[in-house]
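model14.pdb follows (PDB, C-alpha atoms):
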```pdb
ATOM      1  CA  MET A   1      17.801  33.689 -19.748
ATOM      2  CA  SER A   2      18.399  31.928 -23.027
ATOM      3  CA  PHE A   3      21.428  29.835 -22.027
ATOM      4  CA  PRO A   4      20.545  26.364 -20.802
ATOM      5  CA  ILE A   5      21.544  25.586 -17.248
ATOM      6  CA  SER A   6      23.676  22.502 -16.842
ATOM      7  CA  ALA A   7      23.186  20.164 -13.910
ATOM      8  CA  GLN A   8      26.702  20.986 -12.769
ATOM      9  CA  LEU A   9      25.995  24.714 -12.672
ATOM     10  CA  LEU A  10      22.788  24.105 -10.748
ATOM     11  CA  ASP A  11      24.712  21.948  -8.252
ATOM     12  CA  ALA A  12      27.305  24.690  -7.853
ATOM     13  CA  CYS A  13      24.652  27.367  -7.227
ATOM     14  CA  VAL A  14      22.748  25.241  -4.717
ATOM     15  CA  LEU A  15      25.999  24.510  -2.867
ATOM     16  CA  ALA A  16      26.898  28.204  -2.857
ATOM     17  CA  ILE A  17      23.533  29.232  -1.449
ATOM     18  CA  VAL A  18      23.628  26.589   1.277
ATOM     19  CA  ALA A  19      27.249  27.492   2.058
ATOM     20  CA  ARG A  20      26.163  31.065   2.780
ATOM     21  CA  GLY A  21      23.709  29.968   5.424
ATOM     22  CA  GLU A  22      21.498  27.033   6.276
ATOM     23  CA  THR A  23      18.315  27.014   4.288
ATOM     24  CA  TYR A  24      15.217  24.948   3.523
ATOM     25  CA  GLY A  25      13.615  23.645   0.339
ATOM     26  CA  TYR A  26      11.167  26.429  -0.421
ATOM     27  CA  GLU A  27      13.579  29.277   0.296
ATOM     28  CA  LEU A  28      16.314  27.615  -1.720
ATOM     29  CA  THR A  29      13.997  27.132  -4.678
ATOM     30  CA  GLN A  30      12.907  30.773  -4.585
ATOM     31  CA  ARG A  31      16.496  31.984  -4.548
ATOM     32  CA  ILE A  32      17.526  29.769  -7.441
ATOM     33  CA  LYS A  33      14.489  31.002  -9.347
ATOM     34  CA  GLN A  34      15.665  34.582  -8.944
ATOM     35  CA  ALA A  35      18.719  33.695 -11.020
ATOM     36  CA  PHE A  36      17.491  31.073 -13.506
ATOM     37  CA  GLU A  37      14.297  29.982 -15.053
ATOM     38  CA  VAL A  38      14.164  26.533 -13.531
ATOM     39  CA  SER A  39      11.047  24.539 -12.923
ATOM     40  CA  GLU A  40      10.136  24.279  -9.255
ATOM     41  CA  SER A  41      10.196  20.530  -9.541
ATOM     42  CA  THR A  42      13.885  20.212 -10.474
ATOM     43  CA  LEU A  43      15.299  21.309  -7.125
ATOM     44  CA  TYR A  44      14.289  18.259  -5.129
ATOM     45  CA  PRO A  45      16.293  15.789  -7.270
ATOM     46  CA  VAL A  46      19.293  18.150  -7.079
ATOM     47  CA  LEU A  47      19.120  18.324  -3.281
ATOM     48  CA  ARG A  48      18.710  14.599  -3.030
ATOM     49  CA  ARG A  49      21.680  13.942  -5.302
ATOM     50  CA  LEU A  50      23.886  16.366  -3.360
ATOM     51  CA  GLN A  51      22.904  14.601  -0.147
ATOM     52  CA  GLN A  52      23.713  11.209  -1.603
ATOM     53  CA  ASP A  53      27.099  12.472  -2.758
ATOM     54  CA  GLY A  54      27.789  13.670   0.785
ATOM     55  CA  CYS A  55      27.905  17.364  -0.148
ATOM     56  CA  LEU A  56      24.841  18.352   1.877
ATOM     57  CA  GLU A  57      23.317  17.240   5.147
ATOM     58  CA  ALA A  58      19.650  17.477   6.016
ATOM     59  CA  TYR A  59      18.349  17.948   9.530
ATOM     60  CA  ASP A  60      14.946  18.715  11.003
ATOM     61  CA  GLN A  61      14.119  21.688  13.147
ATOM     62  CA  PRO A  62      10.755  22.581  14.634
ATOM     63  CA  PHE A  63       9.074  25.506  12.948
ATOM     64  CA  GLN A  64       5.550  26.673  13.770
ATOM     65  CA  GLY A  65       4.448  23.379  15.202
ATOM     66  CA  ARG A  66       5.934  21.195  12.474
ATOM     67  CA  ASN A  67       9.357  20.000  11.464
ATOM     68  CA  ARG A  68      11.139  21.791   8.691
ATOM     69  CA  ARG A  69      14.000  20.124   6.863
ATOM     70  CA  TYR A  70      17.058  22.339   6.685
ATOM     71  CA  TYR A  71      20.189  21.757   4.640
ATOM     72  CA  ARG A  72      23.788  22.529   5.524
ATOM     73  CA  ILE A  73      26.983  22.034   3.618
ATOM     74  CA  THR A  74      29.511  19.365   4.587
ATOM     75  CA  PRO A  75      33.311  19.638   4.340
ATOM     76  CA  GLY A  76      33.047  17.490   1.215
ATOM     77  CA  GLY A  77      30.512  19.942  -0.160
ATOM     78  CA  GLU A  78      32.828  22.885   0.566
ATOM     79  CA  HIS A  79      35.561  21.093  -1.291
ATOM     80  CA  LYS A  80      33.288  20.475  -4.261
ATOM     81  CA  LEU A  81      32.071  24.080  -4.218
ATOM     82  CA  ALA A  82      35.664  25.357  -4.366
ATOM     83  CA  ALA A  83      36.290  23.118  -7.383
ATOM     84  CA  HIS A  84      33.090  24.377  -9.054
ATOM     85  CA  ARG A  85      34.192  27.974  -8.457
ATOM     86  CA  ARG A  86      37.591  27.370 -10.027
ATOM     87  CA  GLU A  87      36.003  25.674 -13.031
ATOM     88  CA  TRP A  88      33.480  28.460 -13.413
ATOM     89  CA  ALA A  89      36.168  31.131 -13.277
ATOM     90  CA  ALA A  90      38.162  29.360 -15.993
ATOM     91  CA  PHE A  91      35.026  28.824 -18.090
ATOM     92  CA  GLU A  92      33.939  32.423 -17.679
ATOM     93  CA  ALA A  93      37.391  33.719 -18.602
ATOM     94  CA  SER A  94      37.499  31.705 -21.809
ATOM     95  CA  VAL A  95      33.941  32.669 -22.789
ATOM     96  CA  VAL A  96      34.675  36.330 -22.090
ATOM     97  CA  GLN A  97      37.850  36.014 -24.111
ATOM     98  CA  ILE A  98      35.890  34.739 -27.110
ATOM     99  CA  LEU A  99      32.862  37.016 -26.762
ATOM    100  CA  PHE A 100      34.611  40.210 -25.820
ATOM    101  CA  GLY A 101      38.277  39.550 -26.777
ATOM    102  CA  GLY A 102      39.995  42.598 -28.195
ATOM    103  CA  MET A 103      37.121  44.904 -27.236
ATOM    104  CA  GLU A 104      37.982  47.892 -25.119
ATOM    105  CA  PRO A 105      35.859  48.092 -22.043
TER     106      PRO A 105
ATOM    107  CA  MET B   1      -7.806  20.608  -6.580
ATOM    108  CA  ASN B   2      -6.323  21.537  -3.213
ATOM    109  CA  LYS B   3      -3.013  20.739  -1.576
ATOM    110  CA  GLY B   4      -4.260  17.498  -0.031
ATOM    111  CA  ASP B   5      -5.660  16.205  -3.340
ATOM    112  CA  TYR B   6      -2.461  17.133  -5.131
ATOM    113  CA  LEU B   7      -0.219  15.395  -2.601
ATOM    114  CA  SER B   8      -2.304  12.248  -2.396
ATOM    115  CA  GLU B   9      -2.388  11.998  -6.168
ATOM    116  CA  LEU B  10       1.370  12.497  -6.275
ATOM    117  CA  HIS B  11       1.743   9.747  -3.698
ATOM    118  CA  ARG B  12      -0.323   7.441  -5.876
ATOM    119  CA  HIS B  13       1.821   8.154  -8.929
ATOM    120  CA  LEU B  14       5.017   7.447  -6.962
ATOM    121  CA  MET B  15       3.857   4.002  -5.816
ATOM    122  CA  ASP B  16       6.511   2.192  -7.852
ATOM    123  CA  MET B  17       9.349   4.030  -6.083
ATOM    124  CA  PRO B  18      11.176   2.517  -3.120
ATOM    125  CA  VAL B  19       9.380   3.484   0.081
ATOM    126  CA  ALA B  20      12.230   5.571   1.523
ATOM    127  CA  GLU B  21      12.593   7.625  -1.670
ATOM    128  CA  ARG B  22       8.865   8.139  -1.959
ATOM    129  CA  ASP B  23       8.579   9.241   1.665
ATOM    130  CA  SER B  24      11.470  11.644   1.261
ATOM    131  CA  ALA B  25       9.992  13.216  -1.884
ATOM    132  CA  MET B  26       6.535  13.433  -0.335
ATOM    133  CA  ARG B  27       8.031  15.077   2.726
ATOM    134  CA  PHE B  28       9.804  17.655   0.565
ATOM    135  CA  TYR B  29       6.694  18.670  -1.380
ATOM    136  CA  MET B  30       4.485  18.650   1.709
ATOM    137  CA  GLU B  31       6.874  21.113   3.329
ATOM    138  CA  TYR B  32       7.136  23.042   0.119
ATOM    139  CA  PHE B  33       3.392  23.669   0.167
ATOM    140  CA  ASP B  34       3.503  24.564   3.849
ATOM    141  CA  ASP B  35       6.331  27.053   3.357
ATOM    142  CA  ALA B  36       4.716  28.591   0.277
ATOM    143  CA  GLY B  37       1.670  29.352   2.399
ATOM    144  CA  ALA B  38      -1.997  28.678   1.754
ATOM    145  CA  GLU B  39      -2.333  31.794  -0.409
ATOM    146  CA  ASN B  40       0.237  30.466  -2.905
ATOM    147  CA  GLU B  41      -1.195  26.964  -3.053
ATOM    148  CA  GLN B  42      -2.613  27.315  -6.568
ATOM    149  CA  THR B  43       0.525  29.044  -7.905
ATOM    150  CA  VAL B  44       2.729  26.276  -6.567
ATOM    151  CA  MET B  45       0.552  23.602  -8.165
ATOM    152  CA  LEU B  46       0.656  25.478 -11.453
ATOM    153  CA  GLN B  47       4.435  25.677 -11.353
ATOM    154  CA  LEU B  48       4.972  22.097 -10.243
ATOM    155  CA  GLY B  49       2.731  20.785 -13.026
ATOM    156  CA  THR B  50       0.158  18.049 -12.579
ATOM    157  CA  PRO B  51       0.981  15.375 -10.004
ATOM    158  CA  ARG B  52       1.509  12.979 -12.855
ATOM    159  CA  GLN B  53       3.993  15.260 -14.627
ATOM    160  CA  LEU B  54       5.853  15.878 -11.382
ATOM    161  CA  ALA B  55       5.991  12.162 -10.612
ATOM    162  CA  ASP B  56       7.272  11.371 -14.102
ATOM    163  CA  GLN B  57       9.918  14.059 -13.812
ATOM    164  CA  LEU B  58      11.053  12.884 -10.373
ATOM    165  CA  ARG B  59      11.222   9.331 -11.579
ATOM    166  CA  SER B  60      13.228  10.179 -14.677
ATOM    167  CA  GLU B  61      15.652  12.478 -12.835
ATOM    168  CA  MET B  62      16.184  10.014 -10.031
ATOM    169  CA  GLY B  63      16.626   7.225 -12.548
ATOM    170  CA  ALA B  64      19.220   9.370 -14.348
ATOM    171  CA  THR B  65      20.996  10.005 -11.052
ATOM    172  CA  ARG B  66      21.063   6.336 -10.273
ATOM    173  CA  ARG B  67      22.446   5.481 -13.712
ATOM    174  CA  ALA B  68      25.083   8.186 -13.362
ATOM    175  CA  ALA B  69      26.010   6.879  -9.933
ATOM    176  CA  THR B  70      26.324   3.353 -11.294
ATOM    177  CA  SER B  71      28.641   4.360 -14.117
ATOM    178  CA  SER B  72      30.935   6.507 -11.970
ATOM    179  CA  GLU B  73      33.584   4.954  -9.746
ATOM    180  CA  GLU B  74      32.175   6.500  -6.604
ATOM    181  CA  GLY B  75      28.683   5.089  -6.993
ATOM    182  CA  GLY B  76      28.959   2.176  -4.636
ATOM    183  CA  THR B  77      25.320   1.974  -3.685
ATOM    184  CA  ALA B  78      23.792   0.913  -6.977
ATOM    185  CA  PRO B  79      26.012  -2.118  -7.623
ATOM    186  CA  GLY B  80      25.461  -3.084  -3.999
ATOM    187  CA  LYS B  81      21.743  -2.906  -4.612
ATOM    188  CA  ARG B  82      22.064  -5.027  -7.683
ATOM    189  CA  GLY B  83      24.114  -7.561  -5.716
ATOM    190  CA  TRP B  84      21.454  -7.641  -3.065
ATOM    191  CA  ARG B  85      18.819  -8.282  -5.684
ATOM    192  CA  TRP B  86      20.899 -11.074  -7.165
ATOM    193  CA  TRP B  87      21.347 -12.640  -3.743
ATOM    194  CA  THR B  88      17.668 -12.416  -2.981
ATOM    195  CA  TRP B  89      16.788 -14.272  -6.149
ATOM    196  CA  GLY B  90      19.446 -16.852  -5.380
ATOM    197  CA  LEU B  91      18.051 -17.320  -1.892
ATOM    198  CA  VAL B  92      14.504 -17.544  -3.191
ATOM    199  CA  ILE B  93      15.536 -20.282  -5.622
ATOM    200  CA  LEU B  94      17.541 -22.136  -2.980
ATOM    201  CA  ALA B  95      14.706 -21.893  -0.508
ATOM    202  CA  SER B  96      12.078 -22.893  -3.051
ATOM    203  CA  PRO B  97      11.654 -26.500  -1.803
ATOM    204  CA  VAL B  98      10.963 -25.203   1.700
ATOM    205  CA  LEU B  99       8.822 -22.329   0.406
ATOM    206  CA  ALA B 100       6.838 -24.693  -1.815
ATOM    207  CA  GLY B 101       6.334 -27.020   1.151
ATOM    208  CA  LEU B 102       5.184 -24.150   3.331
ATOM    209  CA  ALA B 103       2.861 -22.888   0.619
ATOM    210  CA  ALA B 104       1.405 -26.370   0.162
ATOM    211  CA  ALA B 105       0.978 -26.705   3.920
ATOM    212  CA  GLY B 106      -0.763 -23.341   4.080
ATOM    213  CA  PHE B 107      -3.011 -24.289   1.201
ATOM    214  CA  GLY B 108      -3.809 -27.626   2.828
ATOM    215  CA  LEU B 109      -4.562 -25.903   6.117
ATOM    216  CA  LEU B 110      -6.919 -23.507   4.373
ATOM    217  CA  ILE B 111      -8.745 -26.330   2.580
ATOM    218  CA  GLY B 112      -8.940 -28.267   5.848
ATOM    219  CA  LEU B 113     -10.364 -25.259   7.655
ATOM    220  CA  LEU B 114     -12.954 -24.747   4.933
ATOM    221  CA  ALA B 115     -13.870 -28.447   5.108
ATOM    222  CA  VAL B 116     -14.301 -28.228   8.896
ATOM    223  CA  VAL B 117     -16.461 -25.123   8.569
ATOM    224  CA  PHE B 118     -18.686 -26.668   5.933
ATOM    225  CA  SER B 119     -19.006 -30.005   7.721
ATOM    226  CA  LEU B 120     -20.031 -28.111  10.866
ATOM    227  CA  LEU B 121     -22.689 -26.353   8.822
ATOM    228  CA  LEU B 122     -23.825 -29.722   7.433
ATOM    229  CA  VAL B 123     -24.003 -31.201  10.933
ATOM    230  CA  MET B 124     -26.094 -28.233  12.049
ATOM    231  CA  ILE B 125     -28.487 -28.714   9.157
ATOM    232  CA  ILE B 126     -28.767 -32.437   9.932
ATOM    233  CA  VAL B 127     -29.386 -31.742  13.612
ATOM    234  CA  VAL B 128     -32.098 -29.261  12.642
ATOM    235  CA  PHE B 129     -33.747 -31.783  10.331
ATOM    236  CA  LEU B 130     -33.359 -34.765  12.672
ATOM    237  CA  PRO B 131     -36.495 -34.347  14.851
ATOM    238  CA  MET B 132     -38.640 -33.816  11.765
ATOM    239  CA  LEU B 133     -37.068 -36.878  10.160
ATOM    240  CA  VAL B 134     -37.662 -39.025  13.247
ATOM    241  CA  SER B 135     -41.218 -37.792  13.539
ATOM    242  CA  ALA B 136     -41.956 -38.513   9.870
ATOM    243  CA  SER B 137     -40.372 -41.959   9.976
ATOM    244  CA  LEU B 138     -42.284 -42.827  13.153
ATOM    245  CA  VAL B 139     -45.566 -41.868  11.459
ATOM    246  CA  ILE B 140     -44.705 -43.833   8.321
ATOM    247  CA  CYS B 141     -43.638 -46.891  10.368
ATOM    248  CA  GLY B 142     -46.822 -46.600  12.418
ATOM    249  CA  VAL B 143     -49.007 -46.520   9.323
ATOM    250  CA  PHE B 144     -47.208 -49.536   7.875
ATOM    251  CA  SER B 145     -47.465 -51.431  11.145
ATOM    252  CA  LEU B 146     -51.191 -50.740  11.393
ATOM    253  CA  PHE B 147     -51.652 -51.822   7.798
ATOM    254  CA  THR B 148     -49.691 -55.047   8.354
ATOM    255  CA  GLY B 149     -51.569 -55.685  11.602
ATOM    256  CA  SER B 150     -54.931 -55.265   9.915
ATOM    257  CA  LEU B 151     -53.946 -57.698   7.147
ATOM    258  CA  LEU B 152     -52.876 -60.327   9.728
ATOM    259  CA  MET B 153     -55.963 -59.814  11.932
ATOM    260  CA  TRP B 154     -57.836 -62.948  10.674
ATOM    261  CA  ARG B 155     -54.880 -65.229  10.389
ATOM    262  CA  GLU B 156     -52.582 -64.634  13.389
ATOM    263  CA  PHE B 157     -54.427 -62.615  15.926
ATOM    264  CA  ALA B 158     -51.557 -62.222  18.477
ATOM    265  CA  THR B 159     -49.038 -61.094  15.876
ATOM    266  CA  ALA B 160     -51.621 -58.725  14.419
ATOM    267  CA  LEU B 161     -52.223 -57.272  17.874
ATOM    268  CA  TYR B 162     -48.462 -56.799  18.291
ATOM    269  CA  PHE B 163     -48.222 -54.952  14.959
ATOM    270  CA  VAL B 164     -51.254 -52.810  15.659
ATOM    271  CA  GLY B 165     -49.932 -51.891  19.099
ATOM    272  CA  THR B 166     -46.485 -51.065  17.820
ATOM    273  CA  GLY B 167     -48.002 -49.060  14.969
ATOM    274  CA  LEU B 168     -50.154 -47.067  17.367
ATOM    275  CA  VAL B 169     -47.196 -46.353  19.636
ATOM    276  CA  ALA B 170     -45.123 -45.219  16.652
ATOM    277  CA  LEU B 171     -47.927 -43.042  15.310
ATOM    278  CA  GLY B 172     -48.453 -41.487  18.722
ATOM    279  CA  GLY B 173     -44.750 -40.839  19.152
ATOM    280  CA  GLY B 174     -44.497 -39.346  15.676
ATOM    281  CA  ALA B 175     -47.489 -37.089  16.227
ATOM    282  CA  LEU B 176     -46.157 -36.025  19.618
ATOM    283  CA  LEU B 177     -42.787 -35.193  18.094
ATOM    284  CA  PHE B 178     -44.268 -33.321  15.105
ATOM    285  CA  GLN B 179     -45.073 -30.024  16.811
ATOM    286  CA  PRO B 180     -41.658 -29.529  18.536
ATOM    287  CA  SER B 181     -39.800 -30.657  15.425
ATOM    288  CA  VAL B 182     -41.506 -27.943  13.378
ATOM    289  CA  ARG B 183     -40.365 -25.407  15.917
ATOM    290  CA  VAL B 184     -36.800 -26.772  15.905
ATOM    291  CA  LEU B 185     -36.803 -26.613  12.120
ATOM    292  CA  GLN B 186     -37.873 -22.971  12.064
ATOM    293  CA  GLY B 187     -35.518 -21.823  14.819
ATOM    294  CA  GLY B 188     -32.687 -23.968  13.524
ATOM    295  CA  PHE B 189     -32.936 -22.624  10.007
ATOM    296  CA  ARG B 190     -32.742 -19.112  11.314
ATOM    297  CA  GLN B 191     -29.594 -20.058  13.258
ATOM    298  CA  VAL B 192     -28.037 -21.790  10.266
ATOM    299  CA  PHE B 193     -28.667 -18.768   8.085
ATOM    300  CA  LYS B 194     -27.210 -16.450  10.691
ATOM    301  CA  CYS B 195     -24.189 -18.690  11.142
ATOM    302  CA  SER B 196     -23.477 -19.105   7.436
ATOM    303  CA  GLY B 197     -23.827 -15.344   7.001
ATOM    304  CA  TRP B 198     -21.250 -14.892   9.734
ATOM    305  CA  ILE B 199     -18.937 -17.429   8.107
ATOM    306  CA  VAL B 200     -19.234 -15.716   4.725
ATOM    307  CA  ARG B 201     -18.455 -12.353   6.324
ATOM    308  CA  LYS B 202     -15.469 -13.838   8.126
ATOM    309  CA  LEU B 203     -14.183 -15.414   4.936
ATOM    310  CA  ARG B 204     -14.448 -12.108   3.132
ATOM    311  CA  ASN B 205     -12.717 -10.101   5.820
ATOM    312  CA  PRO B 206     -11.265 -12.279   8.573
ATOM    313  CA  TRP B 207      -9.961  -9.442  10.757
ATOM    314  CA  LYS B 208     -12.921  -7.097  10.822
ATOM    315  CA  ARG B 209     -14.796  -7.003  14.096
ATOM    316  CA  LYS B 210     -18.534  -6.751  13.998
ATOM    317  CA  GLY B 211     -18.424  -3.505  15.967
ATOM    318  CA  ALA B 212     -15.881  -1.913  13.610
ATOM    319  CA  VAL B 213     -17.975  -2.157  10.438
TER     320      VAL B 213
END
```
Go through the file and emit its structure as structure tokens.
Amino acid sequence: MSFPISAQLLDACVLAIVARGETYGYELTQRIKQAFEVSESTLYPVLRRLQQDGCLEAYDQPFQGRNRRYYRITPGGEHKLAAHRREWAAFEASVVQILFGGMEP
Amino acid sequence: MNKGDYLSELHRHLMDMPVAERDSAMRFYMEYFDDAGAENEQTVMLQLGTPRQLADQLRSEMGATRRAATSSEEGGTAPGKRGWRWWTWGLVILASPVLAGLAAAGFGLLIGLLAVVFSLLLVMIIVVFLPMLVSASLVICGVFSLFTGSLLMWREFATALYFVGTGLVALGGGALLFQPSVRVLQGGFRQVFKCSGWIVRKLRNPWKRKGAV
């Protein structure tokens, strides 16, 4: 993928993944990596920022004799995700308009 | 390098972070390794970069987040933190007369304690030397008395007799005391050495028990 990923887009994708079902750090990182080439080390600051902004909540659950930290989305996070989706749709439409405008599908 | 080495090195490189943030980051990467599984340990390390690189990245991204939070209207925590810092400095300055007094008192107490310890040592040394000193002075006095007595022998016989007698008594006492005083000296020195060794150890590490070395 040659297009750089903005922090906002990364936030939106993390929120979308967590909104689909509660998840934990490693799984989340692997799923993001399927879509973008991000370094494994960038996800922790993103998660931490989303928690501080009140978009995500972390909670611990026992897993194989240890505690695993899971993340779930908050109502505030849902709100933010909806805004990100609207912005993405508008952005995509205008990019498509420029890149493919006038071309017959 | 294994997981444990990596994490402890990361911990070392994050030392300048606030404790809560460091703990949270450490927790995340510890779990990350656990969830990746032992077979992926080396891959994960390769992808995370060296502990130093990871620490630098975390620091810079968290710093960026904090700056962003400060400049936006919603970021209430950072100005609050700054206010707290300001207040702390204010309090430190206001409390400085008391703090200085306390520090001086602590310093004085320490010096006093050291003085007590060293004077106790000195007393012990003196006590150890005392019998030898008494014995030696008795012998010297006895010799002088005998000498004086012998000089007076032809002039004042009674006085000479007194000096000779006293001298003999002193010599006898000194000689009698010599043997035990040597023993006291030997034993005492051993005790003083032991005791000063103990004091030095205590001064170096006051809370370490002898059994826990």
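Proximity of B:Leu58, B:Leu46, B:Leu102, B:Val139 to chain A, computed with all atoms listed in the file, is greatest for B:Leu58.
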Go through chain B and flag each residue having an atom no more than 8 Å from chain A; for those, report the closest pair of atoms plus their distance in Å to one decimal, using only C-alpha atoms, ordered by chain and rising number, as a Markdown table.
```
| residue | atom | partner | partner_atom | distance |
| --- | --- | --- | --- | --- |
| B:Ala25 | CA | A:Tyr44 | CA | 7.4 |
| B:Phe28 | CA | A:Gly25 | CA | 7.1 |
| B:Glu31 | CA | A:Arg68 | CA | 6.9 |
| B:Tyr32 | CA | A:Tyr26 | CA | 5.3 |
| B:Asp35 | CA | A:Tyr26 | CA | 6.2 |
| B:Ala36 | CA | A:Tyr26 | CA | 6.8 |
| B:Gln47 | CA | A:Glu40 | CA | 6.2 |
| B:Leu48 | CA | A:Ser41 | CA | 5.5 |
| B:Leu54 | CA | A:Ser41 | CA | 6.6 |
| B:Gln57 | CA | A:Ser41 | CA | 7.8 |
| B:Leu58 | CA | A:Pro45 | CA | 6.7 |
| B:Glu61 | CA | A:Pro45 | CA | 6.5 |
| B:Met62 | CA | A:Pro45 | CA | 6.4 |
| B:Thr65 | CA | A:Arg49 | CA | 7.0 |
```
- Message: Can you tell me which residues surround segment 71-82 of chain A at a distance of at most 7 Å, considering only C-alpha atoms, apart from same-chain residues fewer than 6 positions away, and format the answer as a PyMOL selection string?
- Response: chain A and resi 12+15-16+18-19+22-24+54-59
- Message: So the first atom is atom CA of Arg31 of chain A and the second is atom CA of Tyr70 of chain A; what is the distance between them in Å, to one decimal place?
- Response: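 Atom CA of Arg31 of chain A sits 14.8 Å away from atom CA of Tyr70 of chain A.
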- Query: Looking at all atoms listed in the file, which of A:Ala90, A:Phe100, A:Ile32, A:Phe63 is the one that sits closest to Asp11 of chain A?
  - Reply: A:Ile32
- Interatomic distance between atom CA of Gly142 of chain B and atom CA of Tyr162 of chain B?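 Result for atom CA of Gly142 of chain B versus atom CA of Tyr162 of chain B: 11.9 Å, one decimal.
For the pair atom CA of Phe129 of chain B and atom CA of Gln179 of chain B, the interatomic distance is 13.2 Å.
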- Query: Quick one: which residues end up in the PyMOL selection byres ((chain A and resi 3) around 12) for this structure, as a list in words?
  - Reply: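 Taken on the displayed file, the PyMOL selection byres ((chain A and resi 3) around 12) yields the residues Met1, Ser2, Pro4, Ile5, Ser6, Leu9, Ala35, Phe36, Glu37 and Val38 of chain A.
Residues captured in this structure file are B:Leu114, B:Ala115, B:Val116, B:Val117, B:Phe118, B:Ser119, B:Leu120, B:Leu122, B:Val123, B:Met124, B:Ile125, B:Ile126, B:Val127, B:Val128, B:Gly188, B:Phe189, B:Gln191, B:Val192, B:Phe193, B:Lys194, B:Cys195, B:Ser196, B:Gly197, B:Trp198, B:Ile199, B:Val200, according to the PyMOL selection byres ((chain B and resi 121) around 12).
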Kindly compute an axis-aligned box around the listed atoms of segment 11-17 of chain B, allowing 8 Å on each side, and express its centre and edge lengths in Å to one decimal as lines of an AutoDock Vina configuration file.
```
center_x = 4.5
center_y = 6.0
center_z = -6.3
size_x = 25.7
size_y = 23.6
size_z = 21.2
```
- Message: Nearest residue to Ser181 of chain B out of B:Pro18, B:Gly101, B:Leu133, B:Ala95, using all atoms listed in the file?
- Response: B:Leu133
- Item | Answer as JSON, numbers by chain, residues within 10 Å of (-46.0, -49.3, 9.1) using all atoms listed in the file | {"B": [137, 138, 139, 140, 141, 142, 143, 144, 145, 146, 147, 148, 149, 163, 164, 166, 167, 168, 170, 171]}
Deliver the residues from the most recent selection as a file, using C-alpha atoms, as a short mmCIF file (atom, residue, chain, number, x, y, z; two decimals), keeping the file's coordinate frame.
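Written file, again.cif:
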```cif
data_model
loop_
_atom_site.label_atom_id
_atom_site.label_comp_id
_atom_site.auth_asym_id
_atom_site.auth_seq_id
_atom_site.Cartn_x
_atom_site.Cartn_y
_atom_site.Cartn_z
CA SER B 137 -40.37 -41.96 9.98
CA LEU B 138 -42.28 -42.83 13.15
CA VAL B 139 -45.57 -41.87 11.46
CA ILE B 140 -44.70 -43.83 8.32
CA CYS B 141 -43.64 -46.89 10.37
CA GLY B 142 -46.82 -46.60 12.42
CA VAL B 143 -49.01 -46.52 9.32
CA PHE B 144 -47.21 -49.54 7.88
CA SER B 145 -47.46 -51.43 11.14
CA LEU B 146 -51.19 -50.74 11.39
CA PHE B 147 -51.65 -51.82 7.80
CA THR B 148 -49.69 -55.05 8.35
CA GLY B 149 -51.57 -55.68 11.60
CA PHE B 163 -48.22 -54.95 14.96
CA VAL B 164 -51.25 -52.81 15.66
CA THR B 166 -46.48 -51.06 17.82
CA GLY B 167 -48.00 -49.06 14.97
CA LEU B 168 -50.15 -47.07 17.37
CA ALA B 170 -45.12 -45.22 16.65
CA LEU B 171 -47.93 -43.04 15.31
#
```
